[in-house]
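Shown next, in structure tokens, is the structure this report addresses.
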Amino acid sequence: MRRRFFLILVFLLEVAVILNAQSSQPAKPDECRLYGKVIDFKTQEPLFGASVVALPLKRGTVSKENGTYSLLLPKGEYEVEVRFVGYRSKSVRVVLNADKELNFTLESDAIETEEVIISTDRDKEKLMESSQSFDMMTKEDLDKHRGQTFGESLKNLAGVSVLQTGVSIAKPVVRGLHGQRIVIMNAGVKQEGQQWGDEHAPEIDPFAASEVQLLRGAASVEYGADAIGGVIRSEPKPLFLSDELHGELFANFLANNRQGAFSGYVERAFANGFAFRAQGSWRKAGDSFSPDYIIANTGFSELSGSVMLGLKRDWGTTMLYYSRFTAELGIFRGAHIGNFSDLVRAIELGNPVPALQQTPFSYDIGLPRQEIAHDLVSLRTTFAPFSFGTLSLDGGFQLNQRKEFDAQRAAVRLGIPSLNLVLSTASLDAKLRHVPIGNFIGTVGISTTAQFNNIGRSLAYLIPPFQSLNVGAFIREEYVVEDVSFNVGLRYDIRSLWASPRVFDRNAMRQVFVDEQRLFQAVTASFGVVYQFSPTWSVASNVGTAWRPPSINELYSDGVHHGTGQYEVGDRALGVEKSYNLDATLRHQSARFELEASLFYNHISGFIFLEPTGLIQSLRGFFPAYRYSQSDTRLAGIDATARYALFDFLRFDATFSLVRGQNLDRNEPTINMPQDRLRAIAHVHLFDAESIKDAYVEFGATAARRQTHVPFVARDTLRQPNSLIAGLFPELPEADAIARYDNVLRLLTLAPPGYVIWELNAGATVQLGSLPLKIVVSAQNLFNARYRDYLSRFRLYADDMGRNIIVRLQMPFGAS
């Protein structure tokens with residue numbers, strides 16, 4: 001309570017300062033007026049709303065309707081930088097001893113609607129970029145992982161691991177949190193696609209992103225409920241403003257599951273300010289292989305496409321984006337077992353039964369399987385309707401359709417899935433970024449989201465139909481002076497949930513559906529500071545609160561979740577999660593050495609988790625049983641990224657991640673925390689020749705320590721008394737039957753051994769006439785090691801993928 005009162009007090013004091021500040025003040029004796037005009041280079045028309053900032057003070061203003069600006073500054077030397085959405089930024093160094101006129105002409109660059117980051121140079125930007133731990137994958141970084149799933153492409157970032165369900169399904173895990181606790185932004189819209197499921201991966205085309213940004217830690221002030229663990233932003237490539245047709249082609253080949261992946265896009269701009277892009281991708285893979293056997297029914301097929309339209313006018317820019325993602329995914333057949341003795345035998349054996357190991361390779365996708373379709377439309381507009389700021393409007397609509405078919409072939413013959421979920425989501429965000437007021441810059445925003453989840457015709461029940469409405473408002477201000485910046489934010493959210501769950505009517509002695517309404521609300525706040533204490537070092541710290549209401553599955557699940565092969569039971573009495581997060585980050589940026597290391601502490605009140613309770617029989621067979629519970633939990637750890645260039649041709653990269661979770665109510669480790677992980681790579685730049693450029697080779701390894709911090713699983717003796725357990729093993733005495741059953745429960749959370757997997761990568765750009773061809777060859781799990789990651793959903797039944805040789809080809813064409 002004191003912590004919240006302190007944050008609110010700081011916020012109110014800063015708001016009072018802002019309200020008393022004046023954007024236009026009389027010049028003091030030691031101040032001069034810098035004034036001028038900002039115009040378009042080609043048309044010579046004035047640019048309204050261009051940002052004019054004097055560095056390093058970061059004091060600025062925006063141009064008026066006639067393109068003029070005026071700025072009061074102390075006498076001295078400044079780097080004056082001008083930025084405007086859709087234009088190349090320009091900076092001029094000026095010595096100010098008296099009033100001075102300084103005019104700017106800006107050239108068109110790209111249609112882009114993201115917030116401008118003001119910086120004198122790249123090193124300064126990295127040192128001062130955020131009070132929270134931050135990382136980014138550029139297009140060049142992503143190109144090295146094209147063809148893998150979106151989640152897989154992020155797993156080499158510090159603090160990120162992957163919750164894997166076979167080869168085709170990967171959910172990013174940030175500092176031990178995933179799913180509803182991580183906000184994923186896709187083309188400016190919060191991705192909504194039944195992400196409560198552990199095997200429901202983000203429905204994002206891995207070829208579509210041009211840049212991925214990772215913000216670690218609580219971020220509810222700007223991104224609302226669910227941003228307890230962090231935020232991942234996937235951004236498509238800004239539209240390229242060229243009057244020539246331009247594009248790029250990608251082709252990937254993966255040996256292990258014989259996958260082929262192809263993608264390409266074309267784009268063009270016109271003199272009237274209109275631009276477009278069309279992009280498409282296709283991936284198809286068959287069964288994957290562990291080092292010793294085939295992993296049956298793990299093939300997949302994906303088809304995706306997107307269209308982007310952009311328009312730039314004097315008033316601002318607008319961008320319309322549409323994407324469609326479709327996939328058919330096979331689910332490992334060894335996780336769906338029809339009788340109790342086979343399930344126990346599979347868990348105790350730890351490998352697929354011999355008949356499955358001898359299954360011939362196939363591209364066919366059998367049972368069980370998933371069919372997914374996700375449509376997304378976003379409309380993003382940025383303009384400056386007022387002289388005091390820039391307004392951004394982001395609207396979105398998403399339609400997510402998910403069908404899950406279990407191993408019961410009779411159901412498929414009838415064309416009826418086990419689960420049939422249809423989720424519709426509409427959202428609107430508005431943000432006003434005001435011009436600098438003295439040393440203050442900031443944003444105020446509102447957001448609203450409406451969801452409708454329908455249950456189509458299906459054979460099984462897992463979650464009920466529901467509707468939800470979310471409304472939030474926030475304000476965030478930053479005070480910048482020389483090499484120090486402070487930021488403070490406050491937000492209020494309210495969420496209403498209407499659901500029709502299935503409950504047991506004891507009077508009628510049958511299952512009935514009832515209507516329920518739940519209301520959740522919370523106030524969150526944050527305070528951060530960044531201090532650059534030398535030209536190459538800075539330190540940052542952030543304290544904040546975040547929250548998350550329980551999701552629909554945590555409240556009302558009651559059935560087999562076929563994608564994960566487990567029976568899940570919700571708890572209607574669950575309350576909200578509330579996070580109190582503290583992290584501290586040390587950064588270094590110099591010519592040869594880069595470092596970012598962060599310590600974090602996250603106390604989550606009412607942390608919701610899924611815990612095993614035993615084995616259960618349903619109409620669809622025998623499955624491990626899990627139920628949702630809630631306890632106060634502490635997460636703490638460290639993540640670090642380092643890069644050192646020993647010579648111009650030799651560079652070493654390393655990332656390290658460690659997280660410890662503790663269930664405070666039970667005084668035991670938190671379940672399903674990622675393993676400690678270290679990745680180290682040596683990068684050697686080989687040579688440049690007339691027709692071959694940027695040739696390189698990389699060799700490295702990822703080491704994961706065995707997860708020893710696991711909870712003890714106790715049998716639910718009320719639901720599973722000794723007499724019931726003895727009946728499951730009629731061939732054994734009761735004491736032996738109970739001992740065998742309890743051992744199976746122990747195996748449900750027992751962590752596999754640690755592992756080290758090696759990789760070898762090589763690449764170059766080869767000039768083929770006028771076209772450059774980029775070639776990358778990678779060998780993952782180079783020595784074909786047997787291993788199982790602790791976060792693999794199928795670690796009870798099978799090893800992870802063996803050696804995989806990957807060839808990636810990339811060729812741009814048209815204007816450069």
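Numbering starts fresh at 1 for the residues of each chain in the structure tokens, the chains themselves are lettered A, B, ... in the order given, and ligands are numbered from 1 as they appear.
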Would you list, as JSON, numbers by chain, the residues of region 436-573 of chain A that end up in strand (DSSP E or B) under DSSP run on this structure's backbone?
{"A": [436, 437, 440, 441, 442, 443, 444, 445, 446, 447, 448, 449, 450, 451, 452, 453, 454, 455, 466, 467, 468, 469, 470, 471, 472, 473, 474, 475, 476, 477, 478, 479, 480, 481, 484, 485, 486, 487, 488, 489, 490, 491, 492, 493, 494, 495, 496, 497, 498, 499, 502, 503, 504, 505, 510, 511, 512, 513, 516, 517, 518, 519, 520, 521, 522, 523, 524, 525, 526, 527, 528, 529, 530, 531, 532, 533, 534, 537, 538, 539, 540, 541, 542, 543, 544, 545, 546, 547, 548, 558, 559, 560, 561, 566, 567, 568, 569]}
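Of all the residues in region 222-352 of chain A, the ones DSSP labels as alpha helix (DSSP H) from the backbone are Glu222, Tyr223, Phe340, Ser341, Asp342, Leu343, Val344, Arg345, Ala346, Ile347, Glu348 and Leu349 of chain A.
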Name all residues at most 10 Å from Val503 (chain A) (count only C-alpha atoms; drop same-chain ones fewer than 6 positions away) and give them as a list in words.
Arg510, Gln511, Val512, Phe513, Val514, Tyr556 and Asp558 of chain A
Could you write those residues out with N, CA, C and O atoms, as a compact mmCIF listing (two decimals), in the first residue's frame?
# COMPACT_ATOMS: atom_id res chain seq x y z
N ARG A 510 -27.42 -33.74 -13.11
CA ARG A 510 -26.90 -33.66 -14.46
C ARG A 510 -26.16 -32.33 -14.64
O ARG A 510 -26.29 -31.43 -13.81
N GLN A 511 -25.41 -32.23 -15.74
CA GLN A 511 -24.70 -31.00 -16.07
C GLN A 511 -25.67 -30.00 -16.70
O GLN A 511 -26.45 -30.35 -17.58
N VAL A 512 -25.61 -28.75 -16.22
CA VAL A 512 -26.44 -27.69 -16.78
C VAL A 512 -25.54 -26.47 -17.05
O VAL A 512 -24.46 -26.34 -16.48
N PHE A 513 -26.01 -25.56 -17.91
CA PHE A 513 -25.28 -24.34 -18.22
C PHE A 513 -25.93 -23.17 -17.47
O PHE A 513 -27.16 -23.04 -17.46
N VAL A 514 -25.10 -22.33 -16.87
CA VAL A 514 -25.59 -21.17 -16.13
C VAL A 514 -24.88 -19.92 -16.67
O VAL A 514 -23.77 -20.00 -17.20
N TYR A 556 -13.00 -21.89 -15.88
CA TYR A 556 -14.09 -22.80 -16.23
C TYR A 556 -13.68 -24.06 -16.97
O TYR A 556 -14.55 -24.84 -17.37
N ASP A 558 -12.99 -27.74 -18.02
CA ASP A 558 -13.45 -29.02 -17.48
C ASP A 558 -13.50 -30.03 -18.61
O ASP A 558 -14.55 -30.30 -19.19
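Residues in contact with Trp758 (chain A) at 6 Å, where only C-alpha atoms are counted and same-chain residues fewer than 4 positions away are skipped, are listed as Gly700, Ala701, Asn781 and Leu782 of chain A.
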Give me the residues within 7 Å of Arg380 (chain A) as a PyMOL selection string, counting only C-alpha atoms and dropping any in the same chain fewer than 2 places off.
chain A and resi 318-320+378+382+393-395
Determine, counting only C-alpha atoms, which protein, DNA and RNA residues have an atom within 9 Å of an atom of Arg175 (chain A); residues of the same chain fewer than 3 positions away are not included. Present the result as a VMD selection string.
chain A and resid 159 to 161 178 216 to 217 229 to 230 600 635 to 639 657 to 659 673 to 674
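The list of residues with at least one atom within 8 Å of Ile725 (chain A), based on only C-alpha atoms and without residues fewer than 6 positions apart in the same chain, reads Glu734, Ala737, Ile738 and Tyr741 of chain A.
Using only C-alpha atoms, the shortest contact distance between Leu71 (chain A) and any of A:Gly438, A:Gly273, A:Gly528, A:Gly575 is found at A:Gly438.
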With distances taken over only C-alpha atoms, which residue among A:Arg333, A:Arg59, A:Lys139, A:Arg345 lies nearest Ala209 (chain A)?
A:Lys139
Find the residue from A:Arg788, A:Lys237, A:Arg548, A:Arg572 that sits nearest to Ala187 (chain A); use only C-alpha atoms when measuring.
A:Lys237
